[in-house]
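Trainee: Dropping in coords-v1.txt, with compact mmCIF, C-alpha atoms and all ligand atoms.
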# COMPACT_ATOMS: atom_id res chain seq x y z
CA MET M 60 0.00 0.00 0.00
CA ILE M 61 2.78 2.43 1.02
CA ASN M 62 4.34 1.99 -2.45
CA SER M 63 1.28 3.37 -4.19
CA TRP M 64 1.34 6.52 -2.04
CA THR M 65 2.29 9.82 -3.65
CA LEU M 66 3.83 12.88 -2.03
CA LEU M 67 0.28 14.13 -1.54
CA HIS M 68 -0.71 10.99 0.38
CA ALA M 69 2.29 11.48 2.66
CA ARG M 70 1.54 15.17 3.15
CA VAL M 71 -2.11 14.63 4.05
CA HIS M 72 -1.19 11.73 6.33
CA GLN M 73 1.27 14.01 8.14
CA THR M 74 -1.22 16.89 8.36
CA LEU M 75 -3.83 14.58 9.89
CA ARG M 76 -1.32 13.43 12.48
CA GLN M 77 0.13 16.81 13.32
CA ARG M 78 -3.23 18.57 13.57
CA GLN M 79 -5.00 15.55 15.06
CA LEU M 80 -7.84 16.11 12.63
CA LEU M 81 -9.15 12.59 12.01
CA LYS M 82 -8.46 10.12 14.76
CA LYS M 83 -8.16 6.36 14.22
CA ASP M 84 -11.24 4.10 14.03
CA ARG M 85 -13.70 6.97 13.39
CA ARG M 86 -16.81 6.84 11.25
CA LEU M 87 -16.32 9.50 8.58
CA LEU M 88 -18.95 10.88 6.24
CA VAL M 89 -17.18 12.32 3.21
CA ALA M 90 -19.07 15.08 1.35
CA VAL M 91 -18.52 14.35 -2.33
CA SER M 92 -19.76 16.83 -4.94
CA GLY M 93 -18.20 14.91 -7.83
CA GLY M 94 -15.69 17.71 -8.52
CA GLN M 95 -11.91 17.36 -8.48
CA ASP M 96 -11.37 18.42 -4.84
CA SER M 97 -13.78 16.00 -3.21
CA LEU M 98 -12.79 13.11 -5.52
CA CYS M 99 -9.15 13.71 -4.64
CA LEU M 100 -10.12 13.78 -0.96
CA MET M 101 -12.11 10.54 -1.26
CA LYS M 102 -9.30 8.67 -3.01
CA LEU M 103 -6.74 9.92 -0.46
CA LEU M 104 -8.92 8.80 2.47
CA LEU M 105 -9.55 5.40 0.87
CA ASP M 106 -5.82 4.88 0.37
CA LEU M 107 -4.95 6.04 3.90
CA GLN M 108 -7.80 4.01 5.43
CA PRO M 109 -5.80 0.83 6.20
CA LYS M 110 -3.43 2.89 8.39
CA TRP M 111 -6.23 4.65 10.27
CA ASN M 112 -9.00 2.06 10.28
CA TRP M 113 -11.76 4.57 9.50
CA GLN M 114 -15.25 3.57 8.41
CA LEU M 115 -15.87 5.67 5.33
CA ALA M 116 -19.11 6.62 3.56
CA ILE M 117 -20.06 9.13 0.89
CA ALA M 118 -22.77 11.81 1.20
CA HIS M 119 -24.00 13.69 -1.83
CA CYS M 120 -26.48 16.59 -1.88
CA ASP M 121 -28.56 17.12 -4.99
CA HIS M 122 -29.61 20.78 -5.25
CA ARG M 123 -31.83 19.93 -8.25
CA TRP M 124 -30.24 22.72 -10.28
CA SER M 125 -30.46 22.00 -14.01
CA THR M 126 -26.66 22.03 -14.18
CA ASP M 127 -26.58 19.19 -11.59
CA THR M 128 -28.43 16.64 -13.72
CA GLY M 129 -26.59 13.32 -13.63
CA ILE M 130 -24.07 14.15 -10.86
CA ALA M 131 -25.85 12.18 -8.12
CA GLU M 132 -25.90 8.99 -10.24
CA HIS M 133 -22.25 9.55 -11.15
CA VAL M 134 -21.20 9.82 -7.49
CA GLU M 135 -23.38 6.83 -6.52
CA LYS M 136 -21.68 4.73 -9.17
CA LEU M 137 -18.26 5.67 -7.79
CA ALA M 138 -19.36 4.70 -4.26
CA ARG M 139 -20.41 1.29 -5.62
CA GLN M 140 -17.06 0.86 -7.38
CA TRP M 141 -15.24 1.75 -4.18
CA ASP M 142 -17.63 -0.49 -2.23
CA ILE M 143 -18.59 2.07 0.39
CA PRO M 144 -22.04 3.24 1.59
CA PHE M 145 -23.66 6.11 -0.31
CA TYR M 146 -26.22 8.53 1.14
CA LEU M 147 -28.15 11.03 -0.94
CA LYS M 148 -30.29 14.04 0.05
CA THR M 149 -32.34 15.81 -2.59
CA ALA M 150 -33.52 19.41 -2.10
CA GLU M 151 -37.29 19.83 -1.84
CA GLN M 152 -37.04 23.45 -2.95
CA ILE M 153 -34.57 24.73 -5.50
CA ALA M 154 -32.31 27.33 -3.86
CA GLU M 155 -32.09 30.68 -5.62
CA THR M 156 -28.72 31.79 -4.33
CA GLU M 157 -25.36 30.18 -3.69
CA ALA M 158 -25.66 31.05 0.00
CA ALA M 159 -29.09 29.39 0.31
CA ALA M 160 -27.79 26.27 -1.46
CA ARG M 161 -24.83 26.11 0.89
CA GLU M 162 -27.05 26.47 3.95
CA TRP M 163 -29.34 23.68 2.76
CA ARG M 164 -26.32 21.49 1.98
CA TYR M 165 -24.90 21.76 5.50
CA HIS M 166 -28.33 20.92 6.97
CA ALA M 167 -28.61 17.93 4.67
CA LEU M 168 -25.11 16.68 5.57
CA ILE M 169 -25.83 17.04 9.30
CA GLU M 170 -29.10 15.13 8.85
CA ILE M 171 -27.33 12.22 7.15
CA ALA M 172 -24.63 12.19 9.83
CA GLN M 173 -27.26 12.12 12.59
CA GLU M 174 -29.40 9.46 10.91
CA GLN M 175 -26.43 7.21 10.19
CA GLY M 176 -24.35 7.85 13.33
CA PHE M 177 -21.29 9.67 11.93
CA GLU M 178 -19.16 11.87 14.22
CA ALA M 179 -17.39 13.76 11.47
CA ILE M 180 -18.25 15.26 8.09
CA VAL M 181 -15.19 15.70 5.87
CA THR M 182 -15.10 18.17 2.96
CA GLY M 183 -12.66 18.80 0.13
CA HIS M 184 -12.07 22.53 0.70
CA THR M 185 -8.60 23.47 -0.47
CA LEU M 186 -5.95 26.14 0.02
CA SER M 187 -7.40 27.78 -3.12
CA ASP M 188 -10.86 27.96 -1.47
CA ARG M 189 -9.20 29.54 1.54
CA ALA M 190 -7.56 32.23 -0.62
CA GLU M 191 -10.86 32.89 -2.44
CA THR M 192 -12.80 33.13 0.81
CA LEU M 193 -10.30 35.62 2.18
CA LEU M 194 -10.59 37.84 -0.92
CA TYR M 195 -14.38 37.49 -1.08
CA ASN M 196 -14.81 38.54 2.55
CA LEU M 197 -12.13 41.27 2.35
CA ILE M 198 -14.05 42.99 -0.43
CA ARG M 199 -17.20 42.84 1.68
CA GLY M 200 -15.47 44.56 4.63
CA ALA M 201 -14.91 41.61 6.94
CA GLY M 202 -12.75 41.60 10.06
CA ALA M 203 -10.16 38.98 10.92
CA ASP M 204 -12.87 36.37 11.61
CA GLY M 205 -14.30 36.59 8.09
CA LEU M 206 -10.86 36.63 6.47
CA SER M 207 -9.94 33.38 8.19
CA ALA M 208 -13.41 31.83 7.88
CA LEU M 209 -12.37 28.50 6.37
CA THR M 210 -10.97 26.55 9.30
CA TRP M 211 -9.44 23.07 9.59
CA GLN M 212 -12.25 21.96 11.86
CA ARG M 213 -15.29 23.27 13.66
CA SER M 214 -18.29 21.89 15.51
CA LEU M 215 -21.49 21.66 13.48
CA THR M 216 -23.44 20.24 16.44
CA PRO M 217 -22.25 19.16 19.91
CA LYS M 218 -21.70 15.68 18.42
CA ILE M 219 -20.64 16.36 14.82
CA GLU M 220 -17.40 17.94 13.64
CA LEU M 221 -16.73 19.43 10.21
CA ILE M 222 -13.20 18.59 9.07
CA ARG M 223 -11.27 19.95 6.09
CA PRO M 224 -8.04 17.98 5.61
CA LEU M 225 -7.03 19.60 2.29
CA LEU M 226 -6.59 23.20 3.44
CA ASN M 227 -2.88 23.14 2.56
CA VAL M 228 -3.43 21.53 -0.85
CA SER M 229 -4.07 23.73 -3.91
CA ARG M 230 -6.68 23.16 -6.58
CA ALA M 231 -3.88 22.69 -9.12
CA GLU M 232 -2.60 19.80 -6.98
CA THR M 233 -6.02 18.12 -6.66
CA LEU M 234 -6.38 18.30 -10.45
CA GLU M 235 -2.96 16.76 -11.01
CA PHE M 236 -3.81 14.01 -8.52
CA CYS M 237 -7.14 13.25 -10.24
CA GLN M 238 -5.39 13.07 -13.59
CA LYS M 239 -2.68 10.77 -12.24
CA PHE M 240 -5.23 8.33 -10.86
CA GLN M 241 -7.69 8.88 -13.72
CA LEU M 242 -10.51 9.80 -11.37
CA PRO M 243 -13.69 10.64 -13.30
CA VAL M 244 -14.12 14.29 -12.32
CA TRP M 245 -17.54 15.78 -13.02
CA GLU M 246 -17.12 19.23 -14.58
CA ASP M 247 -19.66 21.35 -12.70
CA ALA M 248 -21.14 23.85 -15.19
CA ALA M 249 -22.13 26.15 -12.27
CA ASN M 250 -18.41 26.76 -11.64
CA GLN M 251 -18.21 28.56 -14.98
CA ASN M 252 -21.11 30.90 -14.18
CA LEU M 253 -19.52 34.35 -13.88
CA ASN M 254 -22.65 35.77 -12.23
CA TYR M 255 -21.31 34.20 -9.06
CA ALA M 256 -18.79 36.45 -7.31
CA ARG M 257 -16.78 33.45 -6.10
CA ASN M 258 -16.32 32.23 -9.66
CA ARG M 259 -15.12 35.65 -10.85
CA ILE M 260 -12.58 35.73 -8.03
CA ARG M 261 -11.37 32.28 -9.14
CA THR M 262 -11.31 32.84 -12.87
CA ASP M 263 -10.47 36.58 -13.14
CA LEU M 264 -9.07 38.10 -9.97
CA LEU M 265 -6.71 35.40 -8.70
CA PRO M 266 -5.05 34.78 -12.10
CA TYR M 267 -4.59 38.59 -12.42
CA LEU M 268 -2.94 38.77 -9.00
CA GLN M 269 -0.81 35.75 -9.88
CA THR M 270 0.43 37.30 -13.12
CA HIS M 271 0.97 40.86 -11.94
CA PHE M 272 1.76 40.61 -8.22
CA ASN M 273 2.74 37.23 -6.83
CA PRO M 274 2.93 33.85 -8.64
CA ARG M 275 2.26 32.18 -5.26
CA VAL M 276 -0.61 34.47 -4.29
CA GLU M 277 -2.95 31.59 -3.29
CA THR M 278 -0.41 30.21 -0.83
CA ALA M 279 0.34 33.69 0.48
CA LEU M 280 -3.34 34.44 1.11
CA ALA M 281 -3.92 31.05 2.71
CA GLN M 282 -0.99 31.76 5.00
CA THR M 283 -2.55 35.07 6.02
CA ALA M 284 -5.77 33.20 6.80
CA GLU M 285 -3.84 30.69 8.92
CA LEU M 286 -2.09 33.45 10.92
CA LEU M 287 -5.33 35.35 11.46
CA ARG M 288 -7.17 32.21 12.55
CA ALA M 289 -4.81 31.64 15.48
CA GLU M 290 -5.22 35.27 16.57
CA VAL M 291 -9.00 35.09 16.24
CA GLU M 292 -9.14 31.97 18.41
CA TYR M 293 -7.03 33.64 21.09
CA LEU M 294 -9.10 36.85 21.07
CA GLU M 295 -12.41 34.96 21.08
CA ALA M 296 -11.34 32.90 24.10
CA SER M 297 -10.22 36.05 25.97
CA ALA M 298 -13.46 37.84 25.08
CA SER M 299 -15.50 34.90 26.27
CA GLN M 300 -13.76 34.99 29.68
CA LEU M 301 -14.30 38.73 29.94
CA LEU M 302 -17.98 38.38 29.04
CA GLN M 303 -18.44 35.82 31.81
CA GLN M 304 -16.95 38.26 34.30
CA ALA M 305 -18.98 41.24 33.05
CA MET M 306 -22.44 39.72 32.43
CA THR M 307 -25.02 39.04 35.05
CA GLY M 308 -28.65 38.01 35.59
CA GLU M 309 -32.18 39.33 35.07
CA PRO M 310 -32.58 41.79 33.40
CA ILE M 311 -29.44 40.91 31.47
CA LYS M 312 -26.75 43.48 32.22
CA LEU M 313 -23.06 44.14 31.62
CA ASN M 314 -20.69 45.72 34.10
CA ARG M 315 -19.00 48.69 32.37
CA PHE M 316 -16.29 48.79 35.03
CA CYS M 317 -15.05 45.32 33.94
CA LEU M 318 -14.87 46.41 30.30
CA ARG M 319 -13.24 49.83 30.66
CA GLY M 320 -9.51 49.81 30.11
CA THR M 321 -9.58 46.64 27.99
CA PRO M 322 -8.44 47.00 24.35
CA LEU M 323 -11.09 47.99 21.83
CA ALA M 324 -10.52 44.71 19.94
CA LEU M 325 -11.68 42.79 23.03
CA GLN M 326 -14.52 45.19 23.86
CA ARG M 327 -15.97 44.70 20.38
CA ARG M 328 -15.70 40.92 20.64
CA VAL M 329 -17.35 40.89 24.08
CA MET M 330 -20.23 42.95 22.69
CA ARG M 331 -20.57 40.72 19.66
CA GLN M 332 -20.65 37.56 21.78
CA PHE M 333 -23.17 39.26 24.10
CA LEU M 334 -25.45 40.17 21.17
CA GLN M 335 -25.06 36.70 19.64
CA GLN M 336 -26.46 35.27 22.88
CA CYS M 337 -29.32 37.77 23.12
CA LEU M 338 -30.45 38.29 19.51
CA SER M 339 -31.94 35.73 17.16
CA GLN M 340 -29.82 36.92 14.22
CA ALA M 341 -26.14 37.72 13.77
CA PRO M 342 -25.39 41.30 14.94
CA THR M 343 -24.21 43.89 12.41
CA PHE M 344 -21.08 46.05 12.69
CA GLU M 345 -23.25 49.10 13.53
CA GLN M 346 -25.10 47.27 16.32
CA ILE M 347 -21.83 46.12 17.88
CA GLU M 348 -20.39 49.66 17.64
CA ALA M 349 -23.51 51.19 19.26
CA LEU M 350 -23.22 48.81 22.20
CA THR M 351 -19.44 49.25 22.51
CA ASN M 352 -19.89 53.03 22.65
CA LEU M 353 -21.99 52.63 25.80
CA ILE M 354 -18.92 51.49 27.77
CA ASN M 355 -17.82 55.12 28.17
CA ALA M 356 -21.09 56.95 27.45
CA PRO M 357 -22.98 59.25 29.92
CA ASN M 358 -25.70 57.83 32.13
CA ARG M 359 -29.03 57.03 30.38
CA THR M 360 -27.46 56.84 26.90
CA ARG M 361 -29.29 54.25 24.78
CA THR M 362 -28.68 52.26 21.61
CA PRO M 363 -31.23 52.28 18.79
CA PRO M 364 -33.56 49.24 19.08
CA PHE M 365 -32.05 45.88 18.09
CA PRO M 366 -34.10 43.46 15.95
CA GLY M 367 -36.98 42.26 18.15
CA GLY M 368 -37.17 45.65 19.89
CA ALA M 369 -34.63 45.25 22.73
CA VAL M 370 -32.69 48.38 23.70
CA ALA M 371 -29.45 48.69 25.70
CA GLU M 372 -29.17 51.58 28.20
CA VAL M 373 -26.51 52.89 30.55
CA GLN M 374 -27.43 52.90 34.24
CA GLY M 375 -24.46 53.89 36.36
CA ASP M 376 -21.83 51.14 36.14
CA TRP M 377 -24.18 48.91 34.14
CA ILE M 378 -25.39 48.48 30.56
CA ILE M 379 -28.87 47.01 30.84
CA LEU M 380 -30.64 45.22 28.01
CA ARG M 381 -34.39 45.86 28.11
CA CYS M 382 -36.57 43.62 25.96
N1 LIG Y 401 -23.47 18.79 -3.79
C1 LIG Y 401 -22.58 18.43 -2.87
N2 LIG Y 401 -22.73 17.26 -2.21
C2 LIG Y 401 -21.84 16.89 -1.26
N3 LIG Y 401 -20.79 17.63 -0.90
C3 LIG Y 401 -20.59 18.81 -1.51
C4 LIG Y 401 -21.47 19.27 -2.54
N4 LIG Y 401 -21.01 20.47 -2.97
C5 LIG Y 401 -19.89 20.74 -2.25
N5 LIG Y 401 -19.63 19.75 -1.38
C6 LIG Y 401 -18.51 19.67 -0.41
O1 LIG Y 401 -18.07 20.98 -0.11
C7 LIG Y 401 -16.73 21.17 -0.55
C8 LIG Y 401 -16.57 22.58 -1.06
O2 LIG Y 401 -17.34 22.73 -2.22
P1 LIG Y 401 -17.55 24.15 -2.88
O3 LIG Y 401 -16.27 24.93 -2.80
O4 LIG Y 401 -18.22 23.93 -4.18
O5 LIG Y 401 -18.62 24.70 -1.90
P2 LIG Y 401 -18.85 26.10 -1.23
O6 LIG Y 401 -20.26 26.45 -1.47
O7 LIG Y 401 -17.79 27.06 -1.60
O8 LIG Y 401 -18.72 25.58 0.28
P3 LIG Y 401 -18.42 26.42 1.60
O9 LIG Y 401 -19.43 27.44 1.84
O10 LIG Y 401 -18.44 25.38 2.69
O11 LIG Y 401 -17.07 27.06 1.40
C9 LIG Y 401 -16.51 20.07 -1.59
O12 LIG Y 401 -15.14 19.74 -1.70
C10 LIG Y 401 -17.32 18.94 -1.04
O13 LIG Y 401 -16.63 18.26 -0.02
Represent the supplied structure as structure tokens.
Ligand SMILES: Nc1ncnc2c1ncn2[C@@H]1O[C@H](COP(=O)(O)OP(=O)(O)OP(=O)(O)O)[C@@H](O)[C@H]1O

Mentor:
Amino acid sequence: MINSWTLLHARVHQTLRQRQLLKKDRRLLVAVSGGQDSLCLMKLLLDLQPKWNWQLAIAHCDHRWSTDTGIAEHVEKLARQWDIPFYLKTAEQIAETEAAAREWRYHALIEIAQEQGFEAIVTGHTLSDRAETLLYNLIRGAGADGLSALTWQRSLTPKIELIRPLLNVSRAETLEFCQKFQLPVWEDAANQNLNYARNRIRTDLLPYLQTHFNPRVETALAQTAELLRAEVEYLEASASQLLQQAMTGEPIKLNRFCLRGTPLALQRRVMRQFLQQCLSQAPTFEQIEALTNLINAPNRTRTPPFPGGAVAEVQGDWIILRC
């Protein structure tokens, strides 16, 4: 088996060990779209399987877009050839946007994992996806969290982890690997649709940056994402501790004394975590700023109403959230 390994097999094997991403003996649900990244991932995991003793299965999500016709059968056939279980979810409603399709897909993958008892969902996101995500979110005005949004692993539910073992492998490398092993890659027509911002970043912006600025721009951007991710994790953990110290009971209130004198970066994160706990939707930049400004504001200063009508108000040393 070792003899048929390539450099990529060895690299992924080492990444899994160093980062402790996929432990031995686990039941892994591999999300396979049929494209080059997830086929490369599947083949790598199958080849590494004897060393790790995983139980592997394939999940495919059919969005029922016209460009998807035939992919589900194609992936099912591959699962049969590889002799591993195949699970399919088909969308009841056709999503109108990329974001809606993605949201449905993650729900569908979680459902399969719960129904079939898998602890981990594994996807084929690559270093190239990481670079694209960074650029996409940068243009939209994201902070460090958005720029480093594609992470090696994160919890989808208390029992299910999402794991991305190919985050240091480029799309050029997954293509080369698929060609070497003659994997039947399904060319997804939606990837060519330049109405999608992500596709324009991939086909126009990144090649431009490569030609005119840095031939290794994908790797450079992925490295920035990796550096930012470690800082984000540190700041989020510190903010979470600070929030625990500052927040108390009914009505929910925050002690301004605890928050004064801490760096603005932490104050903003505390306020975001606070709003995430209290609001039903993700807080906006303006909402976080309005709440942060109350830390040093005069008594009785208020924020504009948050969605749902709650308002935060200064009362002495406290910021009180009134619903
Ligand atoms: N239809 C699908 N069925 C199963 N898995 C899929 C499907 N589409 C994508 N995936 C999984 O997600 C990975 C990333 O795919 P892609 O880059 O097309 O999605 P994306 O919408 O950018 O995802 P994300 O929002 O998670 O970045 C694939 O390598 C594959 O593992």

Trainee: Report the distance between atom CA of M:Ala159 and atom CA of M:Glu132 in Å, rounded to one decimal place.

Mentor: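 Between atom CA of M:Ala159 and atom CA of M:Glu132 the gap is 23.2 Å.
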
Trainee: Check the smallest atom-to-atom distance from each of M:Leu67, M:Leu313, M:Ala208, M:Leu80 to ligand LIG 401 (chain Y) using only C-alpha atoms and all ligand atoms, then report the winner.

Mentor: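 Counting only C-alpha atoms and all ligand atoms, the residue closest to ligand LIG 401 (chain Y) is M:Ala208.
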
Trainee: Would you work out the distance separating atom CA of M:Pro266 from atom O1 of ligand LIG 401 (chain Y), expressed in Å to one decimal?

Mentor: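 Computed distance, atom CA of M:Pro266 to atom O1 of ligand LIG 401 (chain Y), equals 22.4 Å.
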
Trainee: If you count only C-alpha atoms and all ligand atoms, which residues end up within 6 Å of ligand LIG 401 (chain Y), as a PyMOL selection string?

Mentor: chain M and resi 90-92+96-97+118-121+161+182-184

Trainee: Write the residues of the preceding selection, restricted to C-alpha atoms, as an mmCIF file, keeping the file's coordinate frame.

Mentor:
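Wrote selection.cif, looks like this:
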data_model
loop_
_atom_site.group_PDB
_atom_site.id
_atom_site.type_symbol
_atom_site.label_atom_id
_atom_site.label_comp_id
_atom_site.auth_asym_id
_atom_site.auth_seq_id
_atom_site.Cartn_x
_atom_site.Cartn_y
_atom_site.Cartn_z
ATOM 1 C CA ALA M 90 -19.070 15.080 1.350
ATOM 2 C CA VAL M 91 -18.520 14.350 -2.330
ATOM 3 C CA SER M 92 -19.760 16.830 -4.940
ATOM 4 C CA ASP M 96 -11.370 18.420 -4.840
ATOM 5 C CA SER M 97 -13.780 16.000 -3.210
ATOM 6 C CA ALA M 118 -22.770 11.810 1.200
ATOM 7 C CA HIS M 119 -24.000 13.690 -1.830
ATOM 8 C CA CYS M 120 -26.480 16.590 -1.880
ATOM 9 C CA ASP M 121 -28.560 17.120 -4.990
ATOM 10 C CA ARG M 161 -24.830 26.110 0.890
ATOM 11 C CA THR M 182 -15.100 18.170 2.960
ATOM 12 C CA GLY M 183 -12.660 18.800 0.130
ATOM 13 C CA HIS M 184 -12.070 22.530 0.700
#

Trainee: What separation in Å, quoted to one decimal, exists between atom CA of M:Arg319 and atom CA of M:Glu345?

Mentor: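 The value is 19.9 Å.
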
Trainee: How would you write as an MDAnalysis selection string the residues that get within 12 Å of (-4.9, 34.5, 13.2) in the file's frame, counting all atoms listed in the file?

Mentor: chainID M and resid 202:210 281:295

Trainee: M:Arg139, M:Arg189, M:Arg85, M:Arg381: which is nearest M:Phe177, counting all atoms listed in the file?

Mentor: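 Among the listed residues, the smallest separation from M:Phe177 belongs to M:Arg85.
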
Trainee: Applying 6 Å and only C-alpha atoms, which residues near stretch 224-237 of chain M remain after dropping the ones on its own chain fewer than 5 positions away? List them as a ChimeraX atom specification.

Mentor: /M:95-96,99,185-187,242

Trainee: Hey, which of M:Thr216, M:Gln326, M:Gln300, M:Gln77 ends up closest to M:Ala172? Count all atoms listed in the file.

Mentor: M:Thr216

Trainee: Show me, as a PyMOL selection string, the residues that have an atom within 12 Å of M:Ile180 when counting all atoms listed in the file, minus same-chain residues fewer than 4 positions from it.

Mentor: chain M and resi 80-81+85-91+115-119+164-173+175-176+211-216+218-224

Trainee: Give the answer as one residue: which of M:Lys102, M:Gln152, M:Asn196, M:Ala296 has the shortest atom-to-atom distance to M:Ala138, using all atoms listed in the file?

Mentor: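 Going through M:Lys102, M:Gln152, M:Asn196, M:Ala296 one by one, the smallest distance to M:Ala138 is for M:Lys102.
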
Trainee: Kindly indicate which residue among M:Ala201, M:Ile379, M:Val276, M:Leu323 lies nearest to M:Asn358, using all atoms listed in the file for the distances.

Mentor: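 Looking at the shortest contact to M:Asn358, the residue is M:Ile379.
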
Trainee: With all atoms listed in the file as the counted atoms, please give the residues lying no more than 10 Å from M:Met306, apart from itself and same-chain residues fewer than 6 positions off, as JSON, numbers by chain.

Mentor: {"M": [312, 313, 314, 315, 317, 329, 333, 377, 378, 379]}

Trainee: Take the residues from that selection and put them in a file with C-alpha atoms, as an mmCIF file, keeping the file's coordinate frame.

Mentor:
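Written file, again-v5.cif:
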data_model
loop_
_atom_site.group_PDB
_atom_site.id
_atom_site.type_symbol
_atom_site.label_atom_id
_atom_site.label_comp_id
_atom_site.auth_asym_id
_atom_site.auth_seq_id
_atom_site.Cartn_x
_atom_site.Cartn_y
_atom_site.Cartn_z
ATOM 1 C CA LYS M 312 -26.750 43.480 32.220
ATOM 2 C CA LEU M 313 -23.060 44.140 31.620
ATOM 3 C CA ASN M 314 -20.690 45.720 34.100
ATOM 4 C CA ARG M 315 -19.000 48.690 32.370
ATOM 5 C CA CYS M 317 -15.050 45.320 33.940
ATOM 6 C CA VAL M 329 -17.350 40.890 24.080
ATOM 7 C CA PHE M 333 -23.170 39.260 24.100
ATOM 8 C CA TRP M 377 -24.180 48.910 34.140
ATOM 9 C CA ILE M 378 -25.390 48.480 30.560
ATOM 10 C CA ILE M 379 -28.870 47.010 30.840
#

Trainee: From the set M:Phe240, M:Leu380, M:Leu265, M:Pro310, which residue has the shortest atom-to-atom contact distance to M:Thr65, counting only C-alpha atoms?

Mentor: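 With only C-alpha atoms as the atom set, the closest residue is M:Phe240.
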